[in-house]
Amino acid sequence: MDDTSKQLSTLVSYPALIPYEESLEKNPYDVKGWTGYLSEIDDILDALGERFEDLAVRGGTSGGGGKRKKNKGMARDEVMEVGGRTIRLDAAAAGSGAGGGPVYILVGEIHALQSARNQVSERSLSLLPGSYKLWWDYLRFRSEVLTGSSGGSNPNPDQRLASSSSHRRYRIWLSYVTYVIRSDPTCSATNVRRLFDRCLLALPATQHQKIWDEYICWVTRSMPPWLEGGNSNVGRDMLGPVCTLYRKGKLGDAAGSGGGGSSINNTADDGDGDGIPPETVLRVVRRYVHSFDPSARELLADLCLKYDRWGEGAATLVSILNDSAYLSPRGTTRHEMWLRFADVVTEHPHEARRAGVDFDAIVRAAVGSTSMSGTDGWDVFDHLPSKEEAGGGVAGSVDDNVAGGSKDADDGNDATAATTTTRPQSNLANLGELEGTLWTKLANYHINSGEFELARSVYEEAMENVSRVRDFSLIFDEYMKFEEGVVEAMMELMEEEDEDGEAVGDDQGVDAGDAPDPSGREGEDKEDLDILLGDAYAKDRNDGGGEGDEDDAPASADIELALARAENLTSRRPLLLNRVLLRQNPHNVGEWTKRSTLYLQLGQTRQAIKALEEAFKSVKAVKSVNGSPSVLWTGLAGIYEDKEQDIDAARSVYRRVCRNGEYLFSDVDDLAQLWAGWVEFELRHENWDNALSVARQSVSNPEPERRNRITRGLGRSLRLWNLLLDLEESLGTVQTTKDAYNRVIEAKVATPSHLLNFASFLTEHKYFEESFNAYERGVELFPFPHPGAKLIWRAYLDSFTKRYEGTKIPRTRELFDRCVEICPPDQASGFFLSYGSFEEQYGLTKRALAVYEKMCTTLPPEEKFSAYQLYIAKTVKYLGVTATRPLYERAIAALEDEPAAKMCLEFSEMETTLGEVERARAALTYGAQLADPRRYPEYWAKWHDFEVQNGNEETFREMLRIKRSVQAAFSTVNYNAAEMGAGAPKVETLSDDRALEEIAAREGVRVHEQPRIGGFVQGKRTAEIKDLEEVERRAAKIARRIGESGDTPIGGGDDIDLSDDEDDVDEGIEVTAPVQNVQTKAIPAAVYGGLASKGGES
């Protein structure tokens, strides 16, 4: 029986499959029937597989020799119902050749059914070759079971794929390729590559990306950059089977990854050990880049560098940099791409040149510098790539550019010149601080090529072109390392030559040419020195130099030259750095001045002058920073004056800028500073007339052709006017000085100091009335509240009183009245004092006191206390002590609480000196309502001392009661205000009755109704107490009642009991006895003041 018959018998043995055969016999082109048929077979296979696994776990592989329990009929473990068929699993059913176990029976059934399923799939595909579902199911099943075809008559799967209409079946192709890679041990890398190529030929271009992803993953043994991390931003919705194998780590172990089979290039390298030659990898990736997706150029560059194809890698990186719209799939920035390209070309300059990469032209085009090789630039940066060039990489290609530089240099001069003129200064605006790095890479490029002189010229050109301090520092440090390396190499070379000479002298009988170095190190060392020391050393060595004393001198000279170069470079660093800063901002005045100073320190005076002359052309006054442009002109004049000793040249510098207007300033003060410098220059050389003439010219009206905003503003420059006025007073006449002051006042440029100086000058020359006229003009120009008005009025009044003293009193009074009338209150105290002093000295006492009284009412509140003290003192001096009582009353009424309380103390002290104890006590009682015991304890201490000296027990207790009442009132107000917050409304102070009630409630004392003591009020001022006379009247009434109640005289008798016991404070006071034994005292003479002396004379 053949295989087909066996497969059919296997299918027929399952009754559940017979209906499908009958249905398909009637309708063989029914896809659903075939898929249902195959699905039913899969279910049977799954059931058999599950039973197989169950028996394997339970130990069924040991065979049927074990003891089993037998029930009626056949045991449950020995039969199986599946697909309508009963399968016996006992040893008898297995037969003698089956091994005697149920597992072997199941294995045979599974293999037979799998073979039958393959036969069913092939039958369906022969009838329906265009069915995607049937093809996918067939390949999936074959891949899972890893079995071969059912027979030799069946066609090869890939032939069937190729013969079918497979333009939409890329998944089938990928599955087939994966199947071949994993399952075919005889498949080589070449066969897999050819299979991928056939996929690309069979599928449409719209599906090539799916194939290329798997192709690149297989050939490079790495995940493509655009698929790393599962990115889907490039249209890849899922990973293919090959990429899935790689991600699981199974691609390297697949059957198709070995090195079997033929290779495209038998001479290629062995690659990285996975059987794919490097040339094959590069050709596949190169074909993908140039024919399908140029965005994979970065992958091609990486592979070229990996396989040491430096030239191709550099050219590929150039094409990437040439494409301004290129976006790296890996996220590599253009800055990193530049650095990578520069590193490759620098480390392998010869390979890059052979590949046609002109690194020198690229760098110069990038930094905006002119080419040293004669070409006008490089096409890569001359224009953006066109649509045709976008897919090809380099604009015009690298090879064409190199060829064009030598062949068609004359033919395209016009076009190249036009491109050069329109090219921007630098193409690295968006690459950050990369300019210095590129210059150093270019220098290293020439160093590694053995072109030392070119490297030096590159370093020098770089330091002259960069505009960043960071780039300059990087270039300078590399330059210094290079020069130091040259010196060290020369020293080592000299030492080796000396050692070789000594060795030759010792071995006279041995020919050096007959005993070569077996290791070959000598030749390598010489080659290294050739690279490090340049072409000159190699030429000298080849000419036979280096032996004898005649060759020692050139070697020493070379070393000295190298040392001199290094020292010269070190000494030039400040100037080079200064040049960088000036390129960064050519309007930096401070750096230009510093540059001139550096040249002067080096003794290069002419260079310093040239630097300043260049600064005049570069610095624009509107954009100048770090100093005024006038500093440059004064610096140039100073160099001519101090270093060159050329007075005429220095004067010509000032004449160029001041008179001729060679430089246009933006600020008047800058030009004024130069005029002032010119004047000071003439004064230093004792040219007095020239100095005065220059000063007069500086503020005069300029000529019409030189008239502009800056020159017109010189007439209002305080610097120039101050200088002119000083020179006029020192060198000019009285009339010229007066004219100068009059001009500055008429121009309204004068300041208070100018007017004061003018008046002082006129006073010194005895022009008094003119000086007073100057003061009048000053107070008119600077009225109050100008700060200078006070100075002018003070000088005016002092000068007038000093001149006329008491001869023109009405005019003097008129001046003082004008002054105090218009003067602000906060500035009037000094004028009132001067006015009062003048009246005391030359006028009347009554007028003087009137002035002081007006001062008390005019000054601000914070100065009134001192004013009243002065007024009272003057009144005591001229009218006596008793005349001050109404002054004290007005002062207390006008002052604030704190100064009023102090005034009450002074009032009480005055009354005490006069012996008026009751008046003093009344003043203290009145002021008590203004003094918080916590804030003004000195007030209550003085009252305490007063009562100890002049009072009795009753008055002392009354003082204590008033103190407690006032303290309670203030403490209650403060407590309520703090409780209600800062924004609470103002709380009125408590009355006496309310305060006494709170104190009594707190102390547990019963309050008796008492007669109220006059003079004490509840608030600050009440309507009941209008003035101090009312207080005195009430105090006298209380004193009479106290005197009538006892015989103890005031201030006499026994010692006063000063106990602070408060038990009797609130007891009722009944006073009805008349006052007896009243003592009298003589009235002091101070009460009468000046009247006392007159009364004595009469």
# chains A, B, ... in the order shown; residues from 1 in each chain; ligands from 1

call {"tool": "residues_around", "arguments": {"residues": "region 282-294 of chain A", "least_positions_apart": "3", "cutoff": "10 Å", "atoms": "only C-alpha atoms", "output": "ChimeraX atom specification"}}
result
/A:193,205,208-209,212,215-216,219-220,277-279,297-301,303-304,307,309,319-320,326,390-393

call {"tool": "residues_around", "arguments": {"residues": "Leu870 (chain A)", "least_positions_apart": "3", "cutoff": "10 Å", "atoms": "only C-alpha atoms", "output": "PyMOL selection string"}}
result
chain A and resi 833+852-853+855-856+864-867+873-876

call {"tool": "write_last_selection", "arguments": {"atoms": "N, CA, C and O atoms", "output": "short mmCIF file (atom, residue, chain, number, x, y, z; two decimals), in the first residue's frame"}}
result
data_model
loop_
_atom_site.label_atom_id
_atom_site.label_comp_id
_atom_site.auth_asym_id
_atom_site.auth_seq_id
_atom_site.Cartn_x
_atom_site.Cartn_y
_atom_site.Cartn_z
N LEU A 833 15.43 131.05 63.44
CA LEU A 833 16.47 131.32 64.44
C LEU A 833 17.34 132.50 64.03
O LEU A 833 17.69 133.35 64.86
N TYR A 852 9.74 134.22 67.42
CA TYR A 852 9.77 132.89 68.03
C TYR A 852 8.37 132.31 68.16
O TYR A 852 8.16 131.09 68.02
N GLU A 853 7.40 133.17 68.44
CA GLU A 853 6.03 132.68 68.54
C GLU A 853 5.53 132.18 67.18
O GLU A 853 4.87 131.13 67.10
N MET A 855 7.41 131.05 64.90
CA MET A 855 8.15 129.81 64.66
C MET A 855 7.43 128.62 65.29
O MET A 855 7.34 127.54 64.70
N CYS A 856 6.89 128.83 66.52
CA CYS A 856 6.21 127.73 67.21
C CYS A 856 4.96 127.30 66.46
O CYS A 856 4.59 126.11 66.49
N LYS A 864 8.01 121.28 67.16
CA LYS A 864 7.35 122.31 67.97
C LYS A 864 7.82 122.29 69.42
O LYS A 864 7.90 123.33 70.08
N PHE A 865 8.08 121.14 69.98
CA PHE A 865 8.50 121.06 71.38
C PHE A 865 9.78 121.87 71.60
O PHE A 865 9.88 122.66 72.54
N SER A 866 10.78 121.66 70.73
CA SER A 866 12.02 122.43 70.86
C SER A 866 11.78 123.91 70.64
O SER A 866 12.38 124.77 71.31
N ALA A 867 10.87 124.22 69.69
CA ALA A 867 10.57 125.63 69.44
C ALA A 867 9.95 126.29 70.67
O ALA A 867 10.31 127.42 71.06
N ALA A 873 12.34 129.93 76.97
CA ALA A 873 13.63 130.39 77.51
C ALA A 873 13.86 131.86 77.19
O ALA A 873 14.34 132.63 78.05
N LYS A 874 13.54 132.27 75.95
CA LYS A 874 13.72 133.68 75.61
C LYS A 874 12.75 134.56 76.41
O LYS A 874 13.11 135.69 76.82
N THR A 875 11.54 134.06 76.66
CA THR A 875 10.58 134.84 77.45
C THR A 875 11.07 135.00 78.88
O THR A 875 10.95 136.08 79.50
N VAL A 876 11.60 133.94 79.48
CA VAL A 876 12.16 134.03 80.83
C VAL A 876 13.31 135.03 80.86
O VAL A 876 13.47 135.80 81.83
#

call {"tool": "residues_around", "arguments": {"residues": "Tyr29 (chain A)", "least_positions_apart": "4", "cutoff": "12 Å", "atoms": "only C-alpha atoms", "output": "VMD selection string"}}
result
chain A and resid 23 to 25 33 to 35 123 to 131 134

call {"tool": "write_last_selection", "arguments": {"atoms": "C-alpha atoms", "output": "CSV table (one decimal), in the first residue's frame"}}
result
chain,number,residue,atom,x,y,z
A,23,SER,CA,-19.0,17.4,1.2
A,24,LEU,CA,-15.7,18.2,-0.5
A,25,GLU,CA,-16.3,15.6,-3.1
A,33,GLY,CA,-15.1,23.2,3.8
A,34,TRP,CA,-11.4,22.7,3.5
A,35,THR,CA,-10.6,24.9,6.5
A,123,ARG,CA,-5.0,18.5,-2.0
A,124,SER,CA,-6.7,21.8,-1.1
A,125,LEU,CA,-3.8,23.9,-2.4
A,126,SER,CA,-3.8,22.0,-5.7
A,127,LEU,CA,-7.4,22.9,-6.1
A,128,LEU,CA,-7.2,26.4,-4.6
A,129,PRO,CA,-3.6,27.7,-5.2
A,130,GLY,CA,-4.6,31.3,-4.6
A,131,SER,CA,-6.1,30.8,-1.2
A,134,LEU,CA,-4.9,27.5,3.1

call {"tool": "residues_around", "arguments": {"residues": "Cys819 (chain A)", "least_positions_apart": "3", "cutoff": "8 Å", "atoms": "only C-alpha atoms", "output": "list in words"}}
result
Trp793, Leu815, Phe816, Ile822, Cys823 and Phe831 of chain A

call {"tool": "closest_residue", "arguments": {"among": "A:Arg58, A:Arg364, A:Lys32, A:Lys623", "to": "Lys133 (chain A)", "atoms": "only C-alpha atoms"}}
result
A:Lys32

call {"tool": "residues_around", "arguments": {"residues": "Ser39 (chain A)", "least_positions_apart": "2", "cutoff": "12 Å", "atoms": "only C-alpha atoms", "output": "list of chain:residue names"}}
result
A:Ala16, A:Leu17, A:Tyr20, A:Lys32, A:Gly33, A:Trp34, A:Thr35, A:Gly36, A:Tyr37, A:Ile41, A:Asp42, A:Asp43, A:Ile44, A:Leu45, A:Asp46, A:Arg117, A:Val120, A:Ser121, A:Leu134, A:Asp137, A:Tyr138, A:Phe141

call {"tool": "write_last_selection", "arguments": {"atoms": "N, CA, C and O atoms", "output": "mmCIF file, in the first residue's frame"}}
result
data_model
loop_
_atom_site.group_PDB
_atom_site.id
_atom_site.type_symbol
_atom_site.label_atom_id
_atom_site.label_comp_id
_atom_site.auth_asym_id
_atom_site.auth_seq_id
_atom_site.Cartn_x
_atom_site.Cartn_y
_atom_site.Cartn_z
ATOM 1 N N ALA A 16 -15.737 10.966 12.223
ATOM 2 C CA ALA A 16 -16.052 12.390 12.237
ATOM 3 C C ALA A 16 -15.517 13.112 11.008
ATOM 4 O O ALA A 16 -15.979 14.206 10.674
ATOM 5 N N LEU A 17 -14.553 12.503 10.289
ATOM 6 C CA LEU A 17 -13.960 13.162 9.130
ATOM 7 C C LEU A 17 -14.642 12.759 7.826
ATOM 8 O O LEU A 17 -14.422 13.398 6.782
ATOM 9 N N TYR A 20 -16.842 15.414 5.970
ATOM 10 C CA TYR A 20 -16.077 16.444 5.270
ATOM 11 C C TYR A 20 -15.616 15.937 3.910
ATOM 12 O O TYR A 20 -15.628 16.675 2.914
ATOM 13 N N LYS A 32 -14.198 27.238 2.936
ATOM 14 C CA LYS A 32 -14.646 27.001 4.300
ATOM 15 C C LYS A 32 -14.700 25.498 4.600
ATOM 16 O O LYS A 32 -14.416 25.071 5.727
ATOM 17 N N GLY A 33 -15.077 24.688 3.611
ATOM 18 C CA GLY A 33 -15.100 23.249 3.832
ATOM 19 C C GLY A 33 -13.715 22.716 4.112
ATOM 20 O O GLY A 33 -13.522 21.892 5.017
ATOM 21 N N TRP A 34 -12.739 23.163 3.317
ATOM 22 C CA TRP A 34 -11.363 22.709 3.543
ATOM 23 C C TRP A 34 -10.829 23.189 4.901
ATOM 24 O O TRP A 34 -10.178 22.419 5.611
ATOM 25 N N THR A 35 -11.093 24.459 5.253
ATOM 26 C CA THR A 35 -10.607 24.943 6.548
ATOM 27 C C THR A 35 -11.287 24.223 7.702
ATOM 28 O O THR A 35 -10.665 23.921 8.727
ATOM 29 N N GLY A 36 -12.605 23.882 7.548
ATOM 30 C CA GLY A 36 -13.278 23.120 8.592
ATOM 31 C C GLY A 36 -12.723 21.717 8.713
ATOM 32 O O GLY A 36 -12.588 21.175 9.819
ATOM 33 N N TYR A 37 -12.422 21.117 7.564
ATOM 34 C CA TYR A 37 -11.825 19.789 7.546
ATOM 35 C C TYR A 37 -10.493 19.794 8.299
ATOM 36 O O TYR A 37 -10.232 18.953 9.171
ATOM 37 N N ILE A 41 -9.327 17.967 11.951
ATOM 38 C CA ILE A 41 -8.124 17.146 12.115
ATOM 39 C C ILE A 41 -7.249 17.702 13.238
ATOM 40 O O ILE A 41 -6.681 16.948 14.043
ATOM 41 N N ASP A 42 -7.149 19.034 13.320
ATOM 42 C CA ASP A 42 -6.358 19.646 14.393
ATOM 43 C C ASP A 42 -6.950 19.330 15.755
ATOM 44 O O ASP A 42 -6.207 19.120 16.726
ATOM 45 N N ASP A 43 -8.258 19.313 15.865
ATOM 46 C CA ASP A 43 -8.878 18.966 17.147
ATOM 47 C C ASP A 43 -8.535 17.540 17.557
ATOM 48 O O ASP A 43 -8.264 17.254 18.740
ATOM 49 N N ILE A 44 -8.589 16.602 16.575
ATOM 50 C CA ILE A 44 -8.229 15.216 16.889
ATOM 51 C C ILE A 44 -6.768 15.123 17.325
ATOM 52 O O ILE A 44 -6.426 14.435 18.288
ATOM 53 N N LEU A 45 -5.897 15.862 16.626
ATOM 54 C CA LEU A 45 -4.482 15.863 17.007
ATOM 55 C C LEU A 45 -4.280 16.452 18.399
ATOM 56 O O LEU A 45 -3.450 15.965 19.180
ATOM 57 N N ASP A 46 -5.027 17.493 18.716
ATOM 58 C CA ASP A 46 -4.911 18.074 20.053
ATOM 59 C C ASP A 46 -5.354 17.085 21.120
ATOM 60 O O ASP A 46 -4.725 16.964 22.190
ATOM 61 N N ARG A 117 -2.875 14.887 7.404
ATOM 62 C CA ARG A 117 -3.256 16.312 7.340
ATOM 63 C C ARG A 117 -2.449 17.035 6.274
ATOM 64 O O ARG A 117 -2.969 17.900 5.564
ATOM 65 N N VAL A 120 -4.042 16.353 3.043
ATOM 66 C CA VAL A 120 -5.279 17.122 2.856
ATOM 67 C C VAL A 120 -4.945 18.559 2.465
ATOM 68 O O VAL A 120 -5.582 19.154 1.577
ATOM 69 N N SER A 121 -3.931 19.206 3.129
ATOM 70 C CA SER A 121 -3.540 20.582 2.800
ATOM 71 C C SER A 121 -3.043 20.685 1.378
ATOM 72 O O SER A 121 -3.368 21.639 0.642
ATOM 73 N N LEU A 134 -5.391 28.886 3.161
ATOM 74 C CA LEU A 134 -4.891 27.530 3.059
ATOM 75 C C LEU A 134 -3.364 27.495 3.041
ATOM 76 O O LEU A 134 -2.744 26.631 3.668
ATOM 77 N N ASP A 137 -2.140 28.276 6.599
ATOM 78 C CA ASP A 137 -2.363 27.144 7.509
ATOM 79 C C ASP A 137 -1.370 26.026 7.225
ATOM 80 O O ASP A 137 -0.825 25.414 8.157
ATOM 81 N N TYR A 138 -1.116 25.775 5.956
ATOM 82 C CA TYR A 138 -0.199 24.696 5.584
ATOM 83 C C TYR A 138 1.217 24.994 6.079
ATOM 84 O O TYR A 138 1.881 24.152 6.703
ATOM 85 N N PHE A 141 1.489 24.822 9.893
ATOM 86 C CA PHE A 141 1.505 23.471 10.425
ATOM 87 C C PHE A 141 2.835 22.789 10.146
ATOM 88 O O PHE A 141 3.405 22.113 11.007
#

call {"tool": "select_by_dssp", "arguments": {"residues": "region 751-917 of chain A", "states": "helix (DSSP H, G or I)", "output": "number ranges by chain"}}
result
A: 752-764, 768-781, 787-804, 809-822, 825-827, 829-842, 845-858, 861-879, 882-894, 897-913, 917

call {"tool": "write_last_selection", "arguments": {"atoms": "C-alpha atoms", "output": "CSV table (one decimal), in the first residue's frame"}}
result
chain,number,residue,atom,x,y,z
A,752,PRO,CA,23.0,126.5,42.9
A,753,SER,CA,26.7,126.0,43.3
A,754,HIS,CA,27.3,128.3,40.3
A,755,LEU,CA,25.2,131.0,41.7
A,756,LEU,CA,26.9,130.7,45.1
A,757,ASN,CA,30.3,130.9,43.5
A,758,PHE,CA,29.2,133.8,41.4
A,759,ALA,CA,28.0,135.8,44.4
A,760,SER,CA,31.1,134.9,46.4
A,761,PHE,CA,33.3,136.0,43.5
A,762,LEU,CA,31.4,139.3,43.3
A,763,THR,CA,31.7,139.8,47.0
A,764,GLU,CA,35.4,139.2,47.0
A,768,PHE,CA,28.1,143.7,46.8
A,769,GLU,CA,24.9,144.9,45.1
A,770,GLU,CA,25.7,142.7,42.0
A,771,SER,CA,26.2,139.8,44.4
A,772,PHE,CA,22.8,140.5,45.9
A,773,ASN,CA,21.4,140.6,42.4
A,774,ALA,CA,23.0,137.2,41.7
A,775,TYR,CA,21.3,135.9,44.8
A,776,GLU,CA,17.9,137.2,43.7
A,777,ARG,CA,18.4,135.5,40.3
A,778,GLY,CA,19.3,132.4,42.2
A,779,VAL,CA,16.1,132.3,44.3
A,780,GLU,CA,14.1,133.0,41.2
A,781,LEU,CA,15.8,130.1,39.3
A,787,PRO,CA,17.1,121.6,47.6
A,788,GLY,CA,19.4,124.4,46.4
A,789,ALA,CA,16.9,127.2,47.5
A,790,LYS,CA,17.8,126.7,51.2
A,791,LEU,CA,21.5,127.1,50.4
A,792,ILE,CA,21.0,130.2,48.3
A,793,TRP,CA,18.7,131.9,50.9
A,794,ARG,CA,21.1,131.0,53.7
A,795,ALA,CA,24.0,132.5,51.9
A,796,TYR,CA,21.9,135.5,50.8
A,797,LEU,CA,20.7,136.3,54.3
A,798,ASP,CA,24.1,135.8,55.9
A,799,SER,CA,25.8,137.9,53.2
A,800,PHE,CA,23.3,140.7,53.6
A,801,THR,CA,23.4,140.8,57.4
A,802,LYS,CA,27.1,140.7,57.4
A,803,ARG,CA,27.3,143.5,54.9
A,804,TYR,CA,24.8,145.9,56.4
A,809,ILE,CA,16.8,146.8,59.2
A,810,PRO,CA,13.6,147.2,57.2
A,811,ARG,CA,15.2,145.7,54.1
A,812,THR,CA,16.6,142.9,56.2
A,813,ARG,CA,13.2,142.3,57.8
A,814,GLU,CA,11.7,142.2,54.4
A,815,LEU,CA,14.1,139.6,53.2
A,816,PHE,CA,13.5,137.4,56.3
A,817,ASP,CA,9.8,137.8,56.0
A,818,ARG,CA,9.9,136.7,52.3
A,819,CYS,CA,12.1,133.8,53.2
A,820,VAL,CA,9.9,132.4,56.1
A,821,GLU,CA,6.8,133.1,54.1
A,822,ILE,CA,7.8,130.9,51.1
A,825,PRO,CA,7.8,124.3,57.4
A,826,ASP,CA,10.3,121.5,57.6
A,827,GLN,CA,13.1,123.8,56.4
A,829,SER,CA,13.7,126.5,61.7
A,830,GLY,CA,17.1,127.8,60.7
A,831,PHE,CA,15.7,130.9,59.1
A,832,PHE,CA,13.5,131.6,62.1
A,833,LEU,CA,16.5,131.3,64.4
A,834,SER,CA,18.5,133.7,62.3
A,835,TYR,CA,15.6,136.1,62.1
A,836,GLY,CA,15.1,136.0,65.9
A,837,SER,CA,18.9,136.4,66.5
A,838,PHE,CA,18.9,139.4,64.2
A,839,GLU,CA,16.0,141.0,66.0
A,840,GLU,CA,17.6,140.4,69.4
A,841,GLN,CA,20.9,141.9,68.2
A,842,TYR,CA,19.6,144.8,66.1
A,845,THR,CA,12.6,142.3,72.0
A,846,LYS,CA,9.0,142.3,71.2
A,847,ARG,CA,9.7,141.6,67.5
A,848,ALA,CA,12.1,138.8,68.5
A,849,LEU,CA,9.5,137.1,70.7
A,850,ALA,CA,7.0,137.5,67.9
A,851,VAL,CA,9.4,135.8,65.6
A,852,TYR,CA,9.8,132.9,68.0
A,853,GLU,CA,6.0,132.7,68.5
A,854,LYS,CA,5.5,132.5,64.8
A,855,MET,CA,8.2,129.8,64.7
A,856,CYS,CA,6.2,127.7,67.2
A,857,THR,CA,3.1,127.9,65.1
A,858,THR,CA,4.8,127.3,61.8
A,861,PRO,CA,4.8,118.9,65.0
A,862,GLU,CA,8.0,117.0,65.6
A,863,GLU,CA,9.9,120.4,66.0
A,864,LYS,CA,7.4,122.3,68.0
A,865,PHE,CA,8.5,121.1,71.4
A,866,SER,CA,12.0,122.4,70.9
A,867,ALA,CA,10.6,125.6,69.4
A,868,TYR,CA,8.4,126.2,72.5
A,869,GLN,CA,11.3,125.4,74.8
A,870,LEU,CA,13.3,128.1,73.0
A,871,TYR,CA,10.4,130.5,73.1
A,872,ILE,CA,9.9,130.0,76.8
A,873,ALA,CA,13.6,130.4,77.5
A,874,LYS,CA,13.7,133.7,75.6
A,875,THR,CA,10.6,134.8,77.5
A,876,VAL,CA,12.2,134.0,80.8
A,877,LYS,CA,15.3,135.9,79.8
A,878,TYR,CA,13.4,139.1,78.8
A,879,LEU,CA,10.1,139.1,80.6
A,882,THR,CA,5.7,134.4,85.5
A,883,ALA,CA,5.2,135.5,81.9
A,884,THR,CA,5.7,131.9,80.7
A,885,ARG,CA,2.5,130.6,82.2
A,886,PRO,CA,0.3,131.3,79.2
A,887,LEU,CA,3.2,130.0,77.0
A,888,TYR,CA,3.1,126.7,78.8
A,889,GLU,CA,-0.7,126.6,78.5
A,890,ARG,CA,-0.5,127.2,74.7
A,891,ALA,CA,2.3,124.7,74.3
A,892,ILE,CA,0.4,122.0,76.2
A,893,ALA,CA,-2.6,122.6,74.0
A,894,ALA,CA,-0.7,122.6,70.7
A,897,ASP,CA,0.6,113.6,73.9
A,898,GLU,CA,4.2,112.8,74.6
A,899,PRO,CA,5.7,116.2,74.2
A,900,ALA,CA,2.7,117.7,76.0
A,901,ALA,CA,3.4,115.5,79.0
A,902,LYS,CA,7.0,116.6,79.0
A,903,MET,CA,5.8,120.2,78.9
A,904,CYS,CA,3.6,119.5,81.9
A,905,LEU,CA,6.6,118.3,83.8
A,906,GLU,CA,8.5,121.5,82.9
A,907,PHE,CA,5.5,123.5,83.9
A,908,SER,CA,5.3,121.8,87.3
A,909,GLU,CA,9.0,122.3,87.9
A,910,MET,CA,8.6,126.0,87.1
A,911,GLU,CA,5.7,126.3,89.5
A,912,THR,CA,7.6,124.4,92.2
A,913,THR,CA,10.6,126.8,92.0
A,917,VAL,CA,2.8,123.6,94.9

call {"tool": "residues_around", "arguments": {"residues": "Tyr445 (chain A)", "least_positions_apart": "5", "cutoff": "10 Å", "atoms": "only C-alpha atoms", "output": "list in words"}}
result
Ala342, Asp343, Val344, Val345, Thr346, Glu347, His348, Pro349, His350, Phe359, Asp360, Trp439, Thr440, Gly450, Glu451, Leu454 and Ala455 of chain A

call {"tool": "residues_around", "arguments": {"residues": "region 645-649 of chain A", "least_positions_apart": "2", "cutoff": "12 Å", "atoms": "only C-alpha atoms", "output": "number ranges by chain"}}
result
A: 605, 609, 636-643, 651-656, 678, 681-682, 684-685, 687

call {"tool": "decode", "arguments": {"residues": "region 762-774 of chain A", "atoms": "C-alpha atoms", "output": "CSV table (one decimal), in the first residue's frame"}}
result
chain,number,residue,atom,x,y,z
A,762,LEU,CA,31.4,139.3,43.3
A,763,THR,CA,31.7,139.8,47.0
A,764,GLU,CA,35.4,139.2,47.0
A,765,HIS,CA,35.8,141.9,44.4
A,766,LYS,CA,33.5,144.3,46.3
A,767,TYR,CA,30.6,144.1,43.9
A,768,PHE,CA,28.1,143.7,46.8
A,769,GLU,CA,24.9,144.9,45.1
A,770,GLU,CA,25.7,142.7,42.0
A,771,SER,CA,26.2,139.8,44.4
A,772,PHE,CA,22.8,140.5,45.9
A,773,ASN,CA,21.4,140.6,42.4
A,774,ALA,CA,23.0,137.2,41.7
